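Chemist: What follows is structure01.cif, mmCIF, C-alpha atoms.
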```cif
data_target
loop_
_atom_site.label_atom_id
_atom_site.label_comp_id
_atom_site.auth_asym_id
_atom_site.auth_seq_id
_atom_site.Cartn_x
_atom_site.Cartn_y
_atom_site.Cartn_z
CA MET A 1081 204.48 -114.62 3.38
CA ASP A 1082 207.97 -114.99 4.83
CA GLU A 1083 208.35 -111.22 4.76
CA LEU A 1084 205.12 -110.73 6.73
CA ALA A 1085 206.17 -113.43 9.21
CA ARG A 1086 209.49 -111.67 9.71
CA LEU A 1087 207.72 -108.35 10.30
CA VAL A 1088 205.42 -109.93 12.92
CA ARG A 1089 208.36 -111.42 14.81
CA GLN A 1090 210.35 -108.18 14.66
CA ARG A 1091 207.44 -106.11 15.94
CA ARG A 1092 206.67 -108.59 18.73
CA GLU A 1093 210.30 -108.59 19.86
CA LEU A 1094 210.44 -104.78 19.64
CA LEU A 1095 207.48 -104.62 22.04
CA GLY A 1096 209.12 -107.19 24.34
CA TRP A 1097 206.15 -109.53 23.97
CA THR A 1098 206.30 -113.31 24.06
CA GLN A 1099 204.37 -115.40 21.57
CA SER A 1100 201.90 -116.07 24.41
CA ASP A 1101 201.44 -112.33 24.95
CA LEU A 1102 200.65 -111.81 21.27
CA ALA A 1103 198.33 -114.82 21.19
CA ARG A 1104 196.42 -113.54 24.22
CA ALA A 1105 196.09 -110.04 22.69
CA MET A 1106 194.77 -111.54 19.45
CA GLY A 1107 192.54 -114.19 21.00
CA SER A 1108 194.63 -116.92 19.37
CA SER A 1109 196.91 -119.70 20.60
CA PRO A 1110 200.68 -119.58 21.14
CA SER A 1111 201.13 -122.54 18.77
CA ARG A 1112 199.33 -120.59 16.04
CA ILE A 1113 201.65 -117.63 16.61
CA CYS A 1114 204.65 -119.96 16.41
CA LYS A 1115 203.39 -121.27 13.04
CA LEU A 1116 202.66 -117.72 11.92
CA GLU A 1117 206.21 -116.56 12.68
CA ALA A 1118 207.66 -119.65 10.99
CA GLY A 1119 205.82 -118.63 7.81
CA GLU A 1120 203.97 -121.95 7.53
CA SER A 1121 201.68 -122.16 4.53
CA SER A 1122 198.76 -123.29 6.74
CA VAL A 1123 198.62 -119.77 8.25
CA ASN A 1124 196.31 -117.37 6.45
CA PRO A 1125 198.03 -114.06 5.58
CA SER A 1126 195.05 -112.25 7.14
CA LEU A 1127 196.16 -113.63 10.54
CA MET A 1128 199.56 -112.02 10.00
CA LEU A 1129 197.89 -108.71 9.16
CA LYS A 1130 195.70 -109.05 12.27
CA ALA A 1131 198.83 -109.66 14.39
CA LEU A 1132 200.47 -106.51 13.02
CA ALA A 1133 197.29 -104.49 13.62
CA THR A 1134 197.07 -105.85 17.17
CA MET A 1135 200.58 -104.56 17.81
CA LEU A 1136 199.68 -101.17 16.25
CA ALA A 1137 202.21 -101.63 13.44
CA PRO A 1138 201.50 -99.17 10.62
CA LEU A 1139 201.55 -101.15 7.40
CA ARG A 1140 201.72 -100.02 3.78
CA VAL A 1141 201.27 -102.40 0.87
CA GLU A 1142 202.45 -101.39 -2.57
CA ILE A 1143 203.56 -102.93 -5.84
CA ASP A 1144 207.31 -103.00 -6.37
CA ARG A 1145 207.50 -101.03 -9.64
CA ALA A 1146 211.16 -101.94 -10.15
CA ARG A 1147 210.21 -105.64 -10.51
CA ASP A 1148 206.75 -105.20 -12.07
CA PRO A 1149 206.75 -106.18 -15.76
CA PHE A 1150 203.53 -104.18 -16.26
CA ALA A 1151 205.28 -100.97 -15.15
CA GLU A 1152 207.62 -100.98 -18.17
CA PRO A 1153 207.24 -97.65 -19.98
CA GLY A 1154 205.92 -97.85 -23.52
CA LEU A 1155 204.17 -101.23 -23.30
CA SER A 1156 201.41 -101.48 -25.88
CA LYS A 1157 197.95 -102.79 -25.06
CA GLU A 1158 198.80 -105.96 -26.97
CA GLN A 1159 202.01 -106.50 -24.98
CA LYS A 1160 200.11 -106.02 -21.72
CA ARG A 1161 197.45 -108.48 -22.92
CA GLN A 1162 200.17 -111.03 -23.74
CA LEU A 1163 201.84 -110.57 -20.35
CA SER A 1164 198.50 -110.98 -18.62
CA ALA A 1165 197.69 -114.15 -20.60
CA ARG A 1166 201.11 -115.59 -19.78
CA LEU A 1167 200.64 -114.86 -16.07
CA GLN A 1168 197.23 -116.58 -16.09
CA ARG A 1169 198.70 -119.56 -17.95
CA ARG A 1170 201.65 -119.79 -15.53
CA LYS A 1171 199.40 -119.72 -12.43
CA HIS A 1172 197.05 -122.29 -13.96
CA ALA A 1173 200.05 -124.47 -14.83
CA GLU A 1174 201.42 -124.21 -11.28
CA ASN A 1175 198.06 -125.32 -9.86
CA LEU A 1176 197.81 -128.26 -12.25
CA ALA A 1177 201.44 -129.24 -11.68
CA GLU A 1178 200.97 -129.27 -7.92
CA ARG A 1179 197.77 -131.31 -8.19
CA TYR A 1180 199.25 -133.94 -10.54
CA GLN A 1181 202.88 -133.83 -9.34
CA VAL A 1182 204.36 -132.83 -12.70
CA ASP A 1183 206.68 -130.04 -13.87
CA ALA A 1184 204.97 -126.63 -14.05
CA GLY A 1185 207.13 -125.57 -17.02
CA ASP A 1186 205.96 -128.55 -19.06
CA VAL A 1187 202.32 -127.82 -18.22
CA GLU A 1188 202.72 -124.14 -19.12
CA HIS A 1189 204.31 -125.12 -22.44
CA ALA A 1190 201.43 -127.50 -23.21
CA LEU A 1191 198.85 -124.87 -22.27
CA PHE A 1192 200.54 -122.32 -24.53
CA ASN A 1193 200.57 -124.78 -27.44
CA LEU A 1194 196.84 -125.29 -27.00
CA THR A 1195 196.29 -121.57 -27.70
CA LEU A 1196 197.96 -121.87 -31.12
CA PRO A 1197 196.24 -122.92 -34.33
CA PRO A 1198 197.23 -126.46 -35.43
CA TRP A 1199 199.52 -125.28 -38.26
CA GLN A 1200 201.53 -123.12 -35.82
CA ARG A 1201 201.85 -126.05 -33.41
CA LEU A 1202 203.26 -128.18 -36.24
CA THR A 1203 205.64 -125.42 -37.32
CA ARG A 1204 206.97 -125.06 -33.76
CA SER A 1205 207.40 -128.84 -33.47
CA PHE A 1206 209.33 -128.96 -36.73
CA GLN A 1207 211.54 -126.06 -35.67
CA ARG A 1208 212.38 -127.74 -32.36
CA ALA A 1209 213.21 -130.96 -34.19
CA GLY A 1210 215.38 -129.08 -36.72
CA LEU A 1211 213.15 -129.91 -39.67
CA ARG A 1212 212.43 -127.43 -42.45
CA ARG A 1213 209.47 -129.23 -43.99
CA LEU A 1214 208.04 -132.67 -44.41
CA SER A 1215 209.94 -134.62 -47.05
CA ALA A 1216 208.15 -136.76 -49.63
CA GLN A 1217 210.31 -139.85 -49.03
#
```
Now, as a test, write the supplied structure out as structure tokens.
Modeler:
Amino acid sequence: MDELARLVRQRRELLGWTQSDLARAMGSSPSRICKLEAGESSVNPSLMLKALATMLAPLRVEIDRARDPFAEPGLSKEQKRQLSARLQRRKHAENLAERYQVDAGDVEHALFNLTLPPWQRLTRSFQRAGLRRLSAQ
């Protein structure tokens, strides 16, 4: 969103418009435009796109292939499925962490462990604790 906000401000300044000019052209308020350009989370990205369209700014949206893990050549269907599942888990964990004010990494770890069969969960716990097996002491 910060990138879109920066583009809106740059285009407005290029046109020599004030925030009031842009607000009037969009049928919005200057305070809303101020929040938009500040990249506040309360501003819907569609308002930023509307601002750019109002100022006749040609816009192209594309996926950055250099940073896209799904664009790796030679990924198998299984690897793509695993990446997709991890992304879903991470986003779900971030939502839960925000709601309950806890660490997103811990929530993601717990969610992953819930996908494992019980014996694999125990094995992972033992490995983290440095144990090889349960002793009969």
Chemist: Using all atoms listed in the file, what does the table of stretch 1090-1114 of chain A residues within 12 Å of stretch 1121-1131 of chain A look like, with each row giving the shortest atom pair and its distance in Å to one decimal, sorted by chain and ascending number, as a tab-separated table?
Modeler:
```
residue	atom	partner	partner_atom	distance
A:Gln1090	CA	A:Ala1131	CA	11.6
A:Arg1091	CA	A:Ala1131	CA	9.4
A:Arg1092	CA	A:Ala1131	CA	9.0
A:Gln1099	CA	A:Ala1131	CA	10.7
A:Asp1101	CA	A:Ala1131	CA	11.2
A:Leu1102	CA	A:Ala1131	CA	7.4
A:Ala1103	CA	A:Ala1131	CA	8.6
A:Arg1104	CA	A:Ala1131	CA	10.8
A:Ala1105	CA	A:Ala1131	CA	8.7
A:Met1106	CA	A:Ala1131	CA	6.8
A:Gly1107	CA	A:Ala1131	CA	10.2
A:Ser1108	CA	A:Leu1127	CA	9.5
A:Ser1109	CA	A:Leu1127	CA	11.8
A:Ser1111	CA	A:Val1123	CA	11.2
A:Arg1112	CA	A:Val1123	CA	7.9
A:Ile1113	CA	A:Ala1131	CA	8.7
A:Cys1114	CA	A:Val1123	CA	10.1
```
Chemist: Which distance in Å separates atom CA of A:Glu1083 and atom CA of A:Leu1136, to one decimal?
Modeler: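 Distance between the two atoms: 17.6 Å.
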Chemist: At what distance in Å, to one decimal, does atom CA of A:Gln1168 lie from atom CA of A:Ala1190?
Modeler: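 Rounded to one decimal, the two atoms are 13.7 Å apart.
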Chemist: Measure the distance from atom CA of A:Arg1208 to atom CA of A:Gly1185 in Å and round it to one decimal.
Modeler: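 About the pair atom CA of A:Arg1208 and atom CA of A:Gly1185: they are 16.4 Å apart.
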Chemist: Which residues, named as in the file, does the PyMOL selection byres ((chain A and resi 1186) around 12) pick out? Answer as a list in words.
Modeler: Arg1169, Arg1170, Ala1173, Glu1174, Leu1176, Ala1177, Gln1181, Val1182, Asp1183, Ala1184, Gly1185, Val1187, Glu1188, His1189, Ala1190, Leu1191, Phe1192 and Asn1193 of chain A
Chemist: Pick out the closest residue to A:Asp1082 from this set: A:Ile1143, A:Leu1116, A:Leu1094, A:Ala1133. Count all atoms listed in the file.
Modeler: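 Ranked by minimum distance to A:Asp1082, first place goes to A:Leu1116.
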Chemist: Output, as AutoDock Vina command-line options, the centre and edge lengths in Å (one decimal) of the axis-aligned box that contains all listed atoms of stretch 1141-1155 of chain A with 6 Å of margin on each side.
Modeler:
```
--center_x 206.2 --center_y -101.9 --center_z -11.3 --size_x 21.9 --size_y 20.5 --size_z 36.4
```
Chemist: From the set A:Leu1194, A:Ala1118, A:Leu1167, A:Met1135, which residue has the shortest atom-to-atom contact distance to A:Glu1093, counting all atoms listed in the file?
Modeler: A:Met1135
Chemist: For A:Gln1162, which of A:Ala1137, A:Thr1195, A:Leu1132, A:Phe1206 is the closest residue, counting all atoms listed in the file?
Modeler: A:Thr1195
